[in-house]
Structures are given as structure tokens and as C-alpha cells.
file input_37.txt (compact mmCIF, C-alpha atoms and all ligand atoms)
# COMPACT_ATOMS: atom_id res chain seq x y z
CA MET U 1 -16.42 -43.01 -35.00
CA HIS U 2 -17.70 -40.89 -32.12
CA GLU U 3 -20.61 -43.28 -31.49
CA GLN U 4 -18.19 -46.17 -31.25
CA ILE U 5 -16.10 -44.33 -28.65
CA LEU U 6 -19.17 -43.36 -26.60
CA ASP U 7 -20.43 -46.94 -26.67
CA PHE U 8 -17.07 -48.20 -25.52
CA PHE U 9 -17.05 -45.87 -22.49
CA ARG U 10 -20.60 -47.01 -21.65
CA SER U 11 -19.69 -50.67 -21.94
CA LEU U 12 -16.71 -50.29 -19.60
CA HIS U 13 -18.44 -48.26 -16.91
CA ASN U 14 -21.94 -49.54 -16.73
CA THR U 15 -24.02 -46.95 -14.95
CA ALA U 16 -27.37 -45.39 -15.77
CA GLY U 17 -26.27 -41.83 -14.99
CA VAL U 18 -23.26 -39.72 -15.86
CA ILE U 19 -19.99 -41.64 -15.91
CA PRO U 20 -17.72 -39.78 -13.47
CA LEU U 21 -14.04 -39.10 -14.02
CA HIS U 22 -13.08 -40.75 -10.76
CA GLU U 23 -15.23 -41.77 -7.82
CA PRO U 24 -14.17 -43.43 -4.57
CA LYS U 25 -15.11 -47.04 -3.80
CA PHE U 26 -15.81 -48.16 -0.23
CA ILE U 27 -15.82 -51.92 -0.36
CA GLY U 28 -13.80 -52.85 2.73
CA LYS U 29 -13.98 -52.25 6.46
CA GLU U 30 -14.71 -48.51 6.23
CA LYS U 31 -17.97 -48.67 8.20
CA GLU U 32 -16.56 -51.00 10.82
CA TYR U 33 -13.59 -48.70 11.52
CA LEU U 34 -15.71 -45.53 11.47
CA ASN U 35 -18.11 -47.09 13.97
CA GLU U 36 -15.17 -47.93 16.17
CA CYS U 37 -14.17 -44.23 16.22
CA ILE U 38 -17.66 -43.19 17.25
CA ASP U 39 -18.10 -45.96 19.81
CA THR U 40 -14.78 -45.13 21.48
CA ASN U 41 -15.21 -41.33 21.18
CA PHE U 42 -11.83 -41.06 19.46
CA VAL U 43 -12.71 -38.97 16.43
CA SER U 44 -10.06 -36.27 16.46
CA SER U 45 -6.28 -36.06 16.07
CA VAL U 46 -5.38 -38.50 18.81
CA GLY U 47 -6.36 -42.06 18.13
CA LYS U 48 -5.14 -45.44 17.15
CA PHE U 49 -6.18 -45.20 13.49
CA VAL U 50 -3.80 -42.29 12.88
CA ASP U 51 -0.92 -44.34 14.30
CA ARG U 52 -2.09 -47.46 12.53
CA PHE U 53 -2.38 -45.69 9.20
CA GLU U 54 1.06 -44.11 9.52
CA ALA U 55 2.61 -47.50 10.24
CA MET U 56 0.72 -49.16 7.37
CA LEU U 57 1.69 -46.42 4.91
CA ALA U 58 5.37 -46.43 5.87
CA GLU U 59 5.45 -50.20 5.46
CA TYR U 60 3.53 -50.16 2.18
CA VAL U 61 5.89 -47.74 0.45
CA SER U 62 9.00 -48.98 2.30
CA SER U 63 9.72 -45.64 3.89
CA GLY U 64 11.11 -45.08 7.37
CA TYR U 65 8.33 -42.81 8.59
CA ALA U 66 4.94 -41.45 7.61
CA ILE U 67 3.15 -38.46 9.12
CA ALA U 68 -0.57 -38.08 8.33
CA THR U 69 -1.92 -34.58 7.64
CA VAL U 70 -5.28 -32.90 6.97
CA ASN U 71 -4.64 -32.76 3.25
CA GLY U 72 -1.94 -32.97 0.61
CA THR U 73 -1.48 -29.21 0.34
CA ALA U 74 -0.75 -29.00 4.09
CA ALA U 75 1.72 -31.87 3.72
CA LEU U 76 3.51 -30.00 0.91
CA HIS U 77 3.55 -26.81 2.97
CA ALA U 78 4.97 -28.51 6.07
CA ALA U 79 7.55 -30.44 4.00
CA MET U 80 8.77 -27.22 2.43
CA ILE U 81 9.07 -25.42 5.76
CA LEU U 82 11.16 -28.35 7.01
CA ALA U 83 13.33 -28.12 3.88
CA GLY U 84 14.05 -24.50 4.77
CA VAL U 85 12.01 -22.89 2.00
CA ASP U 86 11.41 -19.24 2.90
CA ALA U 87 10.89 -15.79 1.37
CA ASN U 88 14.49 -15.80 0.16
CA SER U 89 13.98 -19.03 -1.75
CA GLU U 90 12.85 -20.23 -5.11
CA VAL U 91 11.47 -23.69 -5.76
CA ILE U 92 11.69 -25.46 -9.10
CA THR U 93 8.60 -27.29 -10.26
CA GLN U 94 6.66 -28.12 -13.41
CA PRO U 95 3.94 -25.95 -15.01
CA LEU U 96 1.77 -29.00 -15.68
CA THR U 97 0.51 -29.68 -12.17
CA PHE U 98 -2.42 -29.02 -9.85
CA VAL U 99 -2.34 -25.56 -8.29
CA ALA U 100 -1.70 -27.01 -4.79
CA THR U 101 2.01 -27.50 -5.61
CA CYS U 102 2.48 -23.81 -6.35
CA ASN U 103 0.15 -22.63 -3.59
CA ALA U 104 2.25 -24.46 -1.01
CA ILE U 105 5.43 -22.84 -2.39
CA SER U 106 3.72 -19.45 -2.07
CA TYR U 107 2.60 -20.09 1.53
CA CYS U 108 6.32 -20.15 2.39
CA GLY U 109 6.79 -16.76 0.75
CA ALA U 110 8.87 -18.39 -1.99
CA LYS U 111 8.47 -18.21 -5.75
CA PRO U 112 8.13 -21.12 -8.16
CA VAL U 113 10.47 -21.47 -11.13
CA PHE U 114 9.04 -23.53 -13.97
CA VAL U 115 11.02 -26.04 -16.02
CA ASP U 116 9.54 -28.26 -18.71
CA VAL U 117 8.08 -31.76 -18.50
CA ASP U 118 9.02 -34.82 -20.56
CA GLU U 119 6.58 -35.75 -23.27
CA ASP U 120 6.45 -39.44 -22.33
CA THR U 121 6.24 -39.17 -18.53
CA LEU U 122 4.24 -35.88 -18.35
CA GLY U 123 6.44 -35.13 -15.32
CA LEU U 124 9.41 -32.85 -14.67
CA SER U 125 12.17 -33.27 -17.23
CA PRO U 126 15.65 -33.95 -15.82
CA LYS U 127 17.17 -32.43 -18.98
CA SER U 128 15.23 -29.21 -18.60
CA LEU U 129 16.10 -29.11 -14.88
CA GLU U 130 19.80 -29.67 -15.49
CA THR U 131 19.97 -27.08 -18.27
CA PHE U 132 18.36 -24.49 -16.00
CA LEU U 133 20.65 -25.24 -13.07
CA GLU U 134 23.78 -25.33 -15.23
CA THR U 135 23.13 -22.13 -17.13
CA LYS U 136 21.30 -19.95 -14.60
CA THR U 137 22.68 -20.82 -11.18
CA LYS U 138 25.96 -20.84 -9.32
CA LEU U 139 26.94 -22.79 -6.21
CA ILE U 140 28.07 -20.21 -3.63
CA ASP U 141 28.93 -21.45 -0.11
CA GLY U 142 27.07 -24.64 -0.87
CA LYS U 143 23.92 -22.75 -1.88
CA CYS U 144 22.44 -22.94 -5.35
CA ILE U 145 21.99 -19.26 -6.23
CA ASN U 146 19.85 -18.08 -9.12
CA GLN U 147 22.14 -15.50 -10.70
CA ALA U 148 19.28 -13.42 -12.11
CA THR U 149 17.51 -12.92 -8.76
CA GLY U 150 20.19 -13.62 -6.16
CA LYS U 151 17.76 -15.99 -4.42
CA THR U 152 18.53 -19.54 -3.31
CA ILE U 153 17.03 -22.44 -5.24
CA LYS U 154 16.14 -24.33 -2.13
CA ALA U 155 14.03 -27.19 -3.37
CA CYS U 156 12.76 -28.98 -6.43
CA ILE U 157 9.26 -30.50 -6.49
CA PRO U 158 8.59 -32.83 -9.39
CA MET U 159 5.07 -34.24 -9.68
CA HIS U 160 4.11 -37.71 -10.94
CA THR U 161 1.33 -36.65 -13.28
CA PHE U 162 -1.86 -38.77 -13.22
CA GLY U 163 0.16 -41.43 -11.38
CA HIS U 164 2.81 -41.89 -14.09
CA PRO U 165 6.28 -41.76 -12.52
CA CYS U 166 8.68 -39.17 -13.93
CA ARG U 167 12.44 -39.84 -14.33
CA ILE U 168 12.85 -39.45 -10.62
CA ASP U 169 16.23 -41.16 -10.18
CA GLU U 170 17.89 -38.80 -12.68
CA ILE U 171 16.17 -35.84 -11.03
CA ALA U 172 17.46 -36.99 -7.63
CA GLN U 173 21.05 -37.12 -8.95
CA ILE U 174 20.83 -33.62 -10.40
CA CYS U 175 19.32 -32.20 -7.19
CA ASN U 176 22.17 -33.80 -5.24
CA LYS U 177 24.78 -32.30 -7.52
CA PHE U 178 23.37 -28.78 -7.12
CA ASN U 179 22.53 -29.11 -3.43
CA VAL U 180 18.80 -28.66 -3.99
CA VAL U 181 16.37 -30.50 -1.67
CA LEU U 182 14.16 -32.97 -3.53
CA ILE U 183 10.54 -33.18 -2.37
CA GLU U 184 8.26 -35.38 -4.47
CA ASP U 185 4.68 -34.34 -5.03
CA ALA U 186 3.37 -37.90 -5.16
CA ALA U 187 -0.20 -36.76 -4.46
CA GLU U 188 -1.46 -38.62 -7.52
CA SER U 189 0.91 -41.58 -7.54
CA MET U 190 0.22 -43.61 -4.39
CA GLY U 191 1.22 -47.16 -5.32
CA SER U 192 3.21 -46.22 -8.43
CA ARG U 193 6.78 -47.42 -8.70
CA TYR U 194 9.82 -46.32 -10.65
CA LYS U 195 12.37 -49.09 -11.16
CA GLU U 196 10.54 -51.09 -8.44
CA LYS U 197 10.83 -48.29 -5.86
CA HIS U 198 7.73 -46.42 -4.70
CA THR U 199 7.25 -42.85 -5.85
CA GLY U 200 7.62 -40.52 -2.90
CA THR U 201 10.70 -42.34 -1.57
CA PHE U 202 13.36 -40.89 -3.87
CA GLY U 203 13.80 -37.48 -2.26
CA ARG U 204 14.31 -36.09 1.24
CA MET U 205 10.52 -36.13 1.63
CA GLY U 206 7.52 -37.31 -0.38
CA VAL U 207 3.96 -36.10 -0.15
CA PHE U 208 0.67 -37.92 -0.77
CA SER U 209 -2.92 -36.71 -0.99
CA PHE U 210 -5.98 -38.69 0.06
CA ASN U 211 -8.54 -36.24 -1.26
CA GLY U 212 -11.87 -37.66 -2.46
CA ASN U 213 -10.71 -37.93 -6.06
CA LYS U 214 -7.41 -39.74 -5.38
CA ILE U 215 -6.77 -43.50 -5.66
CA ILE U 216 -7.48 -44.02 -1.93
CA THR U 217 -9.27 -41.43 0.15
CA SER U 218 -9.89 -40.30 3.71
CA GLY U 219 -12.38 -37.70 2.51
CA GLY U 220 -9.60 -35.16 2.90
CA GLY U 221 -6.11 -36.11 3.93
CA GLY U 222 -2.45 -36.23 3.12
CA ALA U 223 0.88 -37.53 4.35
CA ILE U 224 4.57 -36.78 4.41
CA ILE U 225 6.97 -39.70 4.12
CA THR U 226 10.69 -39.65 4.86
CA ASP U 227 13.55 -41.93 5.86
CA ASP U 228 15.01 -39.28 8.17
CA GLN U 229 13.95 -39.82 11.77
CA ASN U 230 14.76 -36.27 12.78
CA LEU U 231 12.69 -34.82 9.92
CA ALA U 232 9.82 -37.15 10.81
CA LYS U 233 9.85 -35.88 14.39
CA GLN U 234 9.88 -32.29 13.19
CA ALA U 235 7.06 -33.01 10.75
CA GLU U 236 4.92 -34.43 13.53
CA HIS U 237 5.78 -31.46 15.76
CA ILE U 238 5.05 -28.71 13.26
CA THR U 239 1.78 -30.31 12.16
CA THR U 240 0.52 -30.58 15.76
CA THR U 241 0.81 -26.85 16.68
CA ALA U 242 4.41 -27.41 17.88
CA LYS U 243 3.08 -28.46 21.27
CA MET U 244 5.78 -29.70 23.60
CA PRO U 245 5.00 -33.06 25.15
CA HIS U 246 3.78 -32.64 28.71
CA GLU U 247 1.07 -34.28 30.79
CA TRP U 248 -0.97 -31.11 31.30
CA GLU U 249 0.92 -28.02 30.23
CA TYR U 250 0.24 -26.16 27.01
CA ALA U 251 3.56 -24.88 25.75
CA HIS U 252 4.69 -24.46 22.15
CA ASP U 253 8.22 -23.74 20.99
CA MET U 254 7.54 -22.30 17.54
CA ILE U 255 4.69 -21.26 15.27
CA GLY U 256 3.10 -24.55 14.39
CA TYR U 257 0.16 -25.63 12.29
CA ASN U 258 -3.02 -27.53 13.01
CA TYR U 259 -2.34 -29.92 10.13
CA ARG U 260 -2.76 -33.33 11.78
CA MET U 261 -5.17 -35.85 10.27
CA PRO U 262 -8.20 -36.61 12.50
CA ASN U 263 -8.74 -40.20 13.64
CA ILE U 264 -12.05 -40.47 11.80
CA ASN U 265 -10.34 -39.76 8.47
CA ALA U 266 -7.53 -42.16 9.32
CA ALA U 267 -10.11 -44.88 10.07
CA LEU U 268 -11.54 -44.53 6.57
CA LEU U 269 -8.04 -44.52 5.13
CA CYS U 270 -6.92 -47.70 6.93
CA ALA U 271 -9.78 -49.53 5.26
CA GLN U 272 -8.93 -47.94 1.91
CA LEU U 273 -5.24 -48.82 2.11
CA GLU U 274 -6.20 -52.45 2.76
CA LYS U 275 -7.83 -52.39 -0.69
CA LEU U 276 -5.09 -50.53 -2.56
CA ASP U 277 -3.56 -53.61 -4.16
CA TYR U 278 -6.98 -54.63 -5.45
CA PHE U 279 -7.57 -51.07 -6.77
CA LEU U 280 -4.20 -51.11 -8.53
CA GLU U 281 -4.97 -54.39 -10.31
CA ASN U 282 -8.44 -53.22 -11.20
CA LYS U 283 -7.20 -49.94 -12.64
CA ARG U 284 -4.46 -51.67 -14.62
CA SER U 285 -7.02 -53.90 -16.30
CA LEU U 286 -9.09 -50.82 -17.21
CA ALA U 287 -5.96 -49.17 -18.65
CA ASP U 288 -5.27 -52.33 -20.67
CA GLU U 289 -8.76 -52.22 -22.13
CA TYR U 290 -8.43 -48.55 -23.02
CA SER U 291 -5.03 -49.14 -24.55
CA GLU U 292 -6.27 -51.94 -26.76
CA PHE U 293 -9.38 -50.09 -27.85
CA PHE U 294 -7.67 -46.79 -28.70
CA SER U 295 -4.90 -48.56 -30.61
CA GLY U 296 -7.64 -49.16 -33.19
CA VAL U 297 -8.91 -45.56 -33.21
CA ALA U 298 -7.11 -43.16 -35.56
CA GLY U 299 -6.27 -39.78 -34.00
CA VAL U 300 -6.72 -40.81 -30.37
CA ASP U 301 -3.58 -42.08 -28.63
CA PHE U 302 -3.77 -43.73 -25.23
CA VAL U 303 -1.21 -42.39 -22.74
CA ALA U 304 0.62 -45.48 -21.52
CA GLU U 305 2.88 -45.75 -18.46
CA PRO U 306 6.46 -44.62 -19.12
CA GLN U 307 9.42 -47.00 -19.44
CA ASN U 308 10.90 -48.39 -16.21
CA ALA U 309 7.71 -47.48 -14.41
CA ARG U 310 4.68 -49.21 -13.01
CA SER U 311 1.94 -46.62 -12.89
CA ASN U 312 -1.06 -46.71 -10.57
CA TYR U 313 -3.09 -45.48 -13.58
CA TRP U 314 -4.93 -43.13 -11.25
CA LEU U 315 -6.32 -41.06 -14.12
CA ASN U 316 -6.25 -42.48 -17.62
CA ALA U 317 -5.56 -40.07 -20.45
CA VAL U 318 -5.69 -39.92 -24.21
CA ARG U 319 -3.87 -37.56 -26.52
CA LEU U 320 -5.56 -35.91 -29.49
CA HIS U 321 -3.60 -34.46 -32.40
CA SER U 322 -4.61 -30.80 -32.01
CA GLU U 323 -6.37 -28.40 -29.66
CA ASP U 324 -9.46 -28.35 -31.90
CA LYS U 325 -9.66 -32.12 -31.85
CA ARG U 326 -9.23 -32.12 -28.08
CA ASP U 327 -12.09 -29.65 -27.74
CA ALA U 328 -14.31 -31.72 -30.03
CA PHE U 329 -13.57 -34.83 -27.96
CA LEU U 330 -14.34 -32.96 -24.72
CA ARG U 331 -17.60 -31.61 -26.14
CA VAL U 332 -18.97 -34.90 -27.50
CA THR U 333 -18.13 -36.92 -24.40
CA ASN U 334 -19.41 -34.39 -21.84
CA GLU U 335 -22.59 -33.75 -23.84
CA ASN U 336 -23.24 -37.48 -23.73
CA GLY U 337 -22.83 -37.97 -20.00
CA ILE U 338 -19.24 -39.16 -20.08
CA MET U 339 -17.09 -36.98 -17.89
CA THR U 340 -13.78 -36.04 -19.46
CA ARG U 341 -11.48 -33.14 -18.61
CA PRO U 342 -8.54 -31.25 -20.09
CA THR U 343 -5.39 -30.90 -17.98
CA TRP U 344 -5.00 -27.98 -15.58
CA LYS U 345 -4.30 -24.60 -17.11
CA LEU U 346 -0.50 -24.31 -16.99
CA MET U 347 0.68 -22.74 -13.72
CA ASN U 348 2.82 -20.10 -15.45
CA GLU U 349 -0.33 -18.83 -17.18
CA LEU U 350 -2.31 -18.27 -13.96
CA ASP U 351 -2.40 -14.64 -12.82
CA MET U 352 -0.64 -15.40 -9.52
CA PHE U 353 2.36 -17.03 -11.19
CA LYS U 354 2.61 -15.06 -14.43
CA GLY U 355 5.77 -13.21 -13.42
CA CYS U 356 7.65 -16.35 -12.40
CA GLU U 357 10.78 -17.47 -14.21
CA CYS U 358 10.22 -20.11 -16.91
CA SER U 359 12.45 -22.31 -19.04
CA ASP U 360 11.34 -23.30 -22.51
CA LEU U 361 8.01 -25.03 -21.81
CA SER U 362 7.14 -26.40 -25.26
CA ASN U 363 6.33 -29.90 -24.08
CA ALA U 364 3.98 -28.73 -21.34
CA GLU U 365 2.28 -26.33 -23.75
CA ARG U 366 1.75 -29.03 -26.37
CA LEU U 367 0.54 -31.61 -23.84
CA HIS U 368 -1.91 -29.17 -22.32
CA LYS U 369 -3.51 -28.61 -25.73
CA GLU U 370 -3.77 -32.29 -26.57
CA ILE U 371 -4.48 -34.33 -23.44
CA VAL U 372 -7.86 -35.37 -22.10
CA ASN U 373 -8.51 -37.38 -18.94
CA ILE U 374 -11.11 -40.11 -19.31
CA PRO U 375 -13.25 -42.00 -16.77
CA SER U 376 -10.97 -43.99 -14.48
CA SER U 377 -12.87 -45.23 -11.43
CA VAL U 378 -12.30 -48.69 -10.02
CA ARG U 379 -14.94 -51.01 -11.49
CA ILE U 380 -16.70 -53.40 -9.15
C1 LIG U 401 -4.44 -33.58 -5.14
C2 LIG U 401 -3.13 -32.94 -5.31
C3 LIG U 401 -2.46 -32.27 -4.26
C4 LIG U 401 -2.98 -32.13 -2.86
O1 LIG U 401 -4.29 -31.87 -2.78
P1 LIG U 401 -5.19 -31.87 -1.46
O2 LIG U 401 -6.54 -31.69 -2.05
O3 LIG U 401 -4.74 -30.69 -0.66
O4 LIG U 401 -5.05 -33.15 -0.73
C5 LIG U 401 -1.20 -31.76 -4.50
N1 LIG U 401 -0.63 -31.87 -5.70
C6 LIG U 401 -1.23 -32.51 -6.73
C7 LIG U 401 -0.49 -32.64 -8.01
C8 LIG U 401 -2.50 -33.04 -6.57
O5 LIG U 401 -3.08 -33.67 -7.61

call {"tool": "encode", "arguments": {"input": "input_37.txt", "output": "C-alpha cells", "more": "lines below"}}
Ligand SMILES: *Cc1c(COP(=O)(O)O)cnc(C)c1O
result
Amino acid sequence: MHEQILDFFRSLHNTAGVIPLHEPKFIGKEKEYLNECIDTNFVSSVGKFVDRFEAMLAEYVSSGYAIATVNGTAALHAAMILAGVDANSEVITQPLTFVATCNAISYCGAKPVFVDVDEDTLGLSPKSLETFLETKTKLIDGKCINQATGKTIKACIPMHTFGHPCRIDEIAQICNKFNVVLIEDAAESMGSRYKEKHTGTFGRMGVFSFNGNKIITSGGGGAIITDDQNLAKQAEHITTTAKMPHEWEYAHDMIGYNYRMPNINAALLCAQLEKLDYFLENKRSLADEYSEFFSGVAGVDFVAEPQNARSNYWLNAVRLHSEDKRDAFLRVTNENGIMTRPTWKLMNELDMFKGCECSDLSNAERLHKEIVNIPSSVRI
């Protein structure tokens, strides 16, 4: 059976070398736009590609505003500062995520609180969130107070794992009810929709990453999206060292960050975004082929997009029936030049976050033991 699986991977991704998990594809106007940056000398944070990309992104996801940043982690950090997350805050998120989500919470001096994920979406579970808020918190003066710590639950950051949308509309309703700011970590889900609406547009702010391994890339990059004009202005301000607009004076009205995306990265990203629809189609057809193939393989279940969702299928995944079987699958594929990976070690098990409050996390624990990501690059 193993040989058959290996052959299938090889037939899908025809390459002589190692089949990567996810590699970028530059098949559009990348070189043309990059040359334009160099020819015009506009390579840094002021330049038309930054503005052009922000306009293109806002239009693509139907959001009011987009602010481009140096990376997704910086976007998360800035979004949380704007949401008022501070050392007196706690932020609810999921344990099954990339460490950037929790790092950004920590940069604000706040602590993460972990609730479980849903087994079908792999993303934050509205049930687990609601149970935590109902049993552990109290609304006092409009603030959602964690009764055990006395701290304010300021924000909730669900993540759309591997591009699969979580039950984000239910999560939004619950956050509203408990006066918790919703920020979506949509780093992995550019182009994914839930009930026709783009991920990243359900909360007060949404965050994308354009790191080299994401569905479109600027080398390194990120963005904050929001419908709130005032927040958008503040996001631009805080990510450009809080410099006050003036023809020649250097004056800053708060501690800001040098988090703005350089023009050269935005140039690459404009060309990438022009190809996103093609990438989405291409990745969906790969997912379809995986789905059909693994439906005939006992003990390996393909992870399909959840109900009501249209996933970008950024990273495809399969689910094995035990940790031992997962490890065997990882070993055989990697030993044969097919790159596969387990999910991230759960955040609540990392040394830095070990003391953080956790709900029952059975789903996340089970999924971590059973899921493997498989090669998912766009095929040309
Ligand atoms: C990639 C990613 C980020 C942001 O990463 P950067 O490398 O800083 O752009 C944040 N959260 C998740 C879940 C991610 O996968």
C-alpha cells in the first residue's frame, strides 16, 4: 500500500528532486514589477506598489481598507494593540495554531487562553468558546472579566487552519454578546470564504500573511484588513513609526513600529495577487485528486473543506487513525523524498505558554496526533 501512495504523490507532483510541502510559483508579472521598483528607485516603504496592493487586496476580499505590513506577525501585533490588548488583558485563541498567534499576544504583555477546536474545521470551536465565556467570565462595566484572574478578556483570535474556514459567523456572534473584540488570524486562508464571505472580514480586523510558504507571497509580508476607517488610519499610523504628516518635520505622537511593507515586496505581491484566482482553481483540482485517491485507501482520510465553506486548500492534510500510524506515514514519505509534516506542537504544551489557562482540548490533542500535511504546491 505504501508504494501505491508514494507513486501517487510522484505522479501528481512531477519533479526529479524532493517534493516540497509548499513552494511559491512566480508565473506572472513579478519580474516586470520588481524591475520597475529598481528603475524608479522606489524600493522602500513609500511607493505606488504598496498603495496599489492595498487597494487590490481591499477590493479582492471586499473589505473597506487594507494596510500592508512587513509580516503577518507584525500585523497581528499591531491589530491587537489597536484592539486595546495590554498587560491587563487575556486573549482567547486555539492551541492548534502557528506560534506567531501566541507570540503576538505576548508582545502586548497579554496572556493567551486556549479553547478547543472543532474536529471538522480544525479551527476555534464556538461551543468551546461559549462554554468558557459563560462559565468563567462575568460582564462588569461592559468588560468581560475572567473571574479566576481578574483580567479582561479583550480579544478572541480564531485561526482558519490550513485555509479551512472555522465557524466564524457563530464565533462573531458570541464575541459580540460578551463584548470581546474579534480579530481573525487569516494568515493561511487568503481567498477562502465562509458562506460566500471572505475570511478575515468577519471581525473588527483580519490579518493575512504573505510569507514564502503562504498561498501568495511577497517574500515576507502581511496585512491588516478592516471596515473601520478610523482603525485603518490608526493601523497605518502605528505601523509607520507614528510619524505625523509634515513636509519636512520628524515628529511622532506615540511609540510606533517600523512595520510597513517595503515597495519591493508589494511589487512582488501585486503580481502574485493577480494570479490568486488561478492558484485557487489549481489547488482545488489538486485537493479533488487527493480526495478521490485517498477515498480508496483504508486508514488514510483526506481532510476536506468544512460545510458552508470554500477553502483555499492552502495546505492539504490527511488524517491517520493513530499516532503510531501518523509517525509511520511521516517516516515513509520523508524517507522517500516526499515532504510531509505533522501539525505544530500544541501551543499550551510549549514552555512559554504552559501556565496558560486551558479549556478541555481533546479535539486539538487528537487532531495533533493524527494529522499530516502533504505536498500542496500549485502545479504548472
Ligand atoms: C504564517 C502565519 C502567521 C504569520 O506569519 P509571518 O511569517 O509573520 O508572516 C500567523 N499565524 C499563522 C497561523 C500563520 O500560519

call {"tool": "residues_near_ligand", "arguments": {"input": "input_37.txt", "ligand": "ligand LIG 401 (chain U)", "cutoff": "7 Å", "atoms": "all atoms listed in the file", "output": "list of chain:residue names"}}
result
U:Asn71, U:Gly72, U:Thr73, U:Ala74, U:Thr97, U:Phe98, U:Ala100, U:Thr101, U:Met159, U:Thr161, U:Asp185, U:Ala187, U:Glu188, U:Ser209, U:Phe210, U:Asn211, U:Lys214, U:Gly220, U:Gly221, U:Gly222

call {"tool": "residues_around", "arguments": {"input": "input_37.txt", "residues": "stretch 352-357 of chain U", "least_positions_apart": "5", "cutoff": "9 Å", "atoms": "only C-alpha atoms", "output": "list in words"}}
result
Cys102, Lys111, Pro112, Val113, Phe114, Val115 and Met347 of chain U

call {"tool": "axis_aligned_box", "arguments": {"input": "input_37.txt", "around": "stretch 276-280 of chain U", "padding_each_side": "8 Å", "output": "JSON"}}
result
{"center_x": -5.6, "center_y": -52.6, "center_z": -5.5, "size_x": 20.0, "size_y": 20.1, "size_z": 22.0}

call {"tool": "residues_around", "arguments": {"input": "input_37.txt", "residues": "stretch 292-306 of chain U", "least_positions_apart": "4", "cutoff": "6 Å", "atoms": "all atoms listed in the file", "output": "ChimeraX atom specification"}}
result
/U:121,164,311,317-320

call {"tool": "closest_residue", "arguments": {"input": "input_37.txt", "among": "U:Ala309, U:Ile264, U:Val180, U:Val18", "to": "U:Asp39", "atoms": "all atoms listed in the file"}}
result
U:Ile264

call {"tool": "atom_distance", "arguments": {"input": "input_37.txt", "atom1": "atom CA of U:Thr241", "atom2": "atom CA of U:Tyr257"}}
result
4.6 Å

call {"tool": "atom_distance", "arguments": {"input": "input_37.txt", "atom1": "atom CA of U:Ala186", "atom2": "atom CA of U:Gly163"}}
result
7.8 Å

call {"tool": "closest_residue", "arguments": {"input": "input_37.txt", "among": "U:Ala155, U:Leu286, U:Ile371, U:Leu273", "to": "U:Gly191", "atoms": "only C-alpha atoms"}}
result
U:Leu273

call {"tool": "residues_around", "arguments": {"input": "input_37.txt", "residues": "U:Cys166", "least_positions_apart": "4", "cutoff": "7 Å", "atoms": "all atoms listed in the file", "output": "PyMOL selection string"}}
result
chain U and resi 121+123-124+160

call {"tool": "closest_residue", "arguments": {"input": "input_37.txt", "among": "U:Pro165, U:Gly206, U:Pro375, U:Pro262", "to": "U:Phe53", "atoms": "all atoms listed in the file"}}
result
U:Pro262

call {"tool": "closest_residue", "arguments": {"input": "input_37.txt", "among": "U:Gly337, U:Gly64, U:Pro342, U:Pro245", "to": "U:Thr15", "atoms": "only C-alpha atoms"}}
result
U:Gly337

call {"tool": "closest_residue", "arguments": {"input": "input_37.txt", "among": "U:Thr239, U:Val117, U:Ala271, U:Thr40", "to": "U:Met56", "atoms": "all atoms listed in the file"}}
result
U:Ala271

call {"tool": "atom_distance", "arguments": {"input": "input_37.txt", "atom1": "atom CA of U:Ala66", "atom2": "atom CA of U:Met80"}}
result
15.6 Å

call {"tool": "closest_residue", "arguments": {"input": "input_37.txt", "among": "U:Val91, U:Ile19, U:Val378, U:Ile168", "to": "U:Ser285", "atoms": "all atoms listed in the file"}}
result
U:Val378

call {"tool": "residues_around", "arguments": {"input": "input_37.txt", "residues": "U:Lys243", "least_positions_apart": "5", "cutoff": "10 Å", "atoms": "all atoms listed in the file", "output": "PDB file with C-alpha atoms, in the frame of the given file"}}
result
ATOM      1  CA  GLU U 236       4.920 -34.430  13.530  1.00  0.00           C
ATOM      2  CA  HIS U 237       5.780 -31.460  15.760  1.00  0.00           C
ATOM      3  CA  ILE U 238       5.050 -28.710  13.260  1.00  0.00           C
ATOM      4  CA  GLU U 249       0.920 -28.020  30.230  1.00  0.00           C
ATOM      5  CA  TYR U 250       0.240 -26.160  27.010  1.00  0.00           C
ATOM      6  CA  ALA U 251       3.560 -24.880  25.750  1.00  0.00           C
ATOM      7  CA  HIS U 252       4.690 -24.460  22.150  1.00  0.00           C
ATOM      8  CA  ASP U 253       8.220 -23.740  20.990  1.00  0.00           C
ATOM      9  CA  MET U 254       7.540 -22.300  17.540  1.00  0.00           C
ATOM     10  CA  ILE U 255       4.690 -21.260  15.270  1.00  0.00           C
ATOM     11  CA  GLY U 256       3.100 -24.550  14.390  1.00  0.00           C
ATOM     12  CA  TYR U 257       0.160 -25.630  12.290  1.00  0.00           C
TER      13      TYR U 257
END

call {"tool": "residues_around", "arguments": {"input": "input_37.txt", "residues": "stretch 47-52 of chain U", "least_positions_apart": "5", "cutoff": "9 Å", "atoms": "all atoms listed in the file", "output": "compact mmCIF listing (two decimals) with C-alpha atoms, keeping the file's coordinate frame"}}
result
# COMPACT_ATOMS: atom_id res chain seq x y z
CA TYR U 33 -13.59 -48.70 11.52
CA CYS U 37 -14.17 -44.23 16.22
CA PHE U 42 -11.83 -41.06 19.46
CA LEU U 57 1.69 -46.42 4.91
CA ILE U 67 3.15 -38.46 9.12
CA ALA U 68 -0.57 -38.08 8.33
CA MET U 261 -5.17 -35.85 10.27
CA PRO U 262 -8.20 -36.61 12.50
CA ASN U 263 -8.74 -40.20 13.64
CA ILE U 264 -12.05 -40.47 11.80
CA ASN U 265 -10.34 -39.76 8.47
CA ALA U 266 -7.53 -42.16 9.32
CA ALA U 267 -10.11 -44.88 10.07
CA LEU U 268 -11.54 -44.53 6.57
CA LEU U 269 -8.04 -44.52 5.13
CA CYS U 270 -6.92 -47.70 6.93
